[in-house]
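Engineer: So that we are looking at the same thing, I have put the structure below in structure tokens.
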Amino acid sequence: MPRINDVGGLDGFGPVLEELDEPPFHADWEAHVMAMNRALIGQGIYNLDEFRDAVERTMSHESSYYENWFRAIQTLLKEKGVV
Amino acid sequence: MSDDHDDSPIAARVRELEAILEEKGLIDPRELDQVLEAFTAKASPANGFRVVARAWTDDGFRARLLADANDTLPEVGLSMGGGLQPQVLHVVENTADVHNVIVCTLCSCYPLSLLGPSPTWYKSPAYRSKVVSHPREVLEQFGLALPDSTRIEVWDANAESRYMVLPRRPAGTEGLAEAELAALVTRNGLIGTAAV
């Protein structure tokens with residue numbers, strides 16, 4: 001299935017919603033996902049480009065940013081035979 | 001970070017995966033704590049505010065910053081190192097004629113160390129798509145109405161290149177000290193969705 005990674009100039013994503021006084025993470029698990037990803041890249045399990053590719057091909061616009069990250073991490077770990 | 005009482009299904013699944021990776025010796029919970037502490041301690045928009053205040057008060061610094069930001073940041077004790085890969089920072093200066101705004105249309109590239117963790121709207125497809133095609137409209141949504149004569153330049157970041165906006169120094173701030181000037185700057189000002 002073709003995928004469009006670069007959304008610059010596309011229509012149809014609705015208004016830009018700004019959350020006032022947004023915290024860095026909305027829940028503790030989001031921080032865990034961020035830290036886990038850094039550690040796995042740091043260990044060389046996968047690299048940053050592989051991670052971004054995984055986010056792009058597994059992402060859902062219904063999921064939150066870190067939900068998409070977690071799905072990408074799980075996908076890569078499965079594909080690499082780690083988990 | 002080790003005391004996690006979030007009971008949502010995804011929190012449980014994250015904990016489960018963390019436990020598996022820990023058992024396999026691939027991650028160390030203490031190391032994760034360190035990663036997170038380093039991230040929250042170092043990545044702050046206060047860094048960007050400081051850079052802007054110095055640029056407003058020191059013309060030489062401003063010129064060097066615009067010419068080569070990576071080389072110039074150490075003058076205020078900052079650097080673009082520490083990320084997952086090397087990044088070149090470009091500081092783009094607002095003038096009477098030009099207003100700059102940054103985006104990452106591909107994903108969510110952002111100068112974390114200078115601006116702190118990025119807001120969700122910056123990472124949203126809505127912002128990433130629309131700021132390119134209708135920048136004026138998007139800026140108006142943020143309450144920033146620019147004169148028609150102002151040209152808007154949109155800078156698209158990527159894995160190797162990051163951007164930060166240098167806002168215009170507000171009128172009537174001539175007598176303020178550097179720290180007072182830094183307090184005037186906002187995170188959105190560094191992105192370009194606010195004037196300062």
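By convention here, the chains of the structure tokens are called A, B, ... in the order presented, each chain's residues are numbered starting at 1, and ligands are numbered starting at 1 in the order presented.
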Which polymer residues have any atom within 9 Å of an atom of segment 93-104 of chain B, counting only C-alpha atoms, with same-chain residues fewer than 5 positions away left out, as JSON, numbers by chain?

Structural biologist: {"A": [6, 8], "B": [66, 109, 110, 122, 123, 127, 128, 131, 132, 135, 139, 146, 149, 150, 151, 152, 153, 154, 155, 156, 157, 158, 162, 163, 164, 165, 166, 167, 168, 189, 190, 191, 192, 193, 195]}

Engineer: Mind listing the strand (DSSP E) residues of chain B, per DSSP on the backbone, as a PyMOL selection string?

Structural biologist: chain B and resi 88-93+98-103+151-156+161-166

Engineer: Enumerate as a PyMOL selection string all residues of chain B assigned to helix (DSSP H, G or I) by DSSP on the backbone, naming them with the chain letters and numbers the document uses.

Structural biologist: chain B and resi 9-23+29-42+45-57+59-67+69-76+112-115+120-123+125-133+135-141+178-182+187-191

Engineer: Please check the contacts: residues of chain A at most 7 Å away from chain B, using only C-alpha atoms, listed as a PyMOL selection string.

Structural biologist: chain A and resi 5-11+13-18+22+24+28-29+35-36+39

Engineer: So the first atom is atom CA of Ala183 of chain B and the second is atom CA of Ser44 of chain B; what is the distance between them in Å, to one decimal place?

Structural biologist: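 Computing the Euclidean distance for atom CA of Ala183 of chain B and atom CA of Ser44 of chain B yields 13.4 Å.
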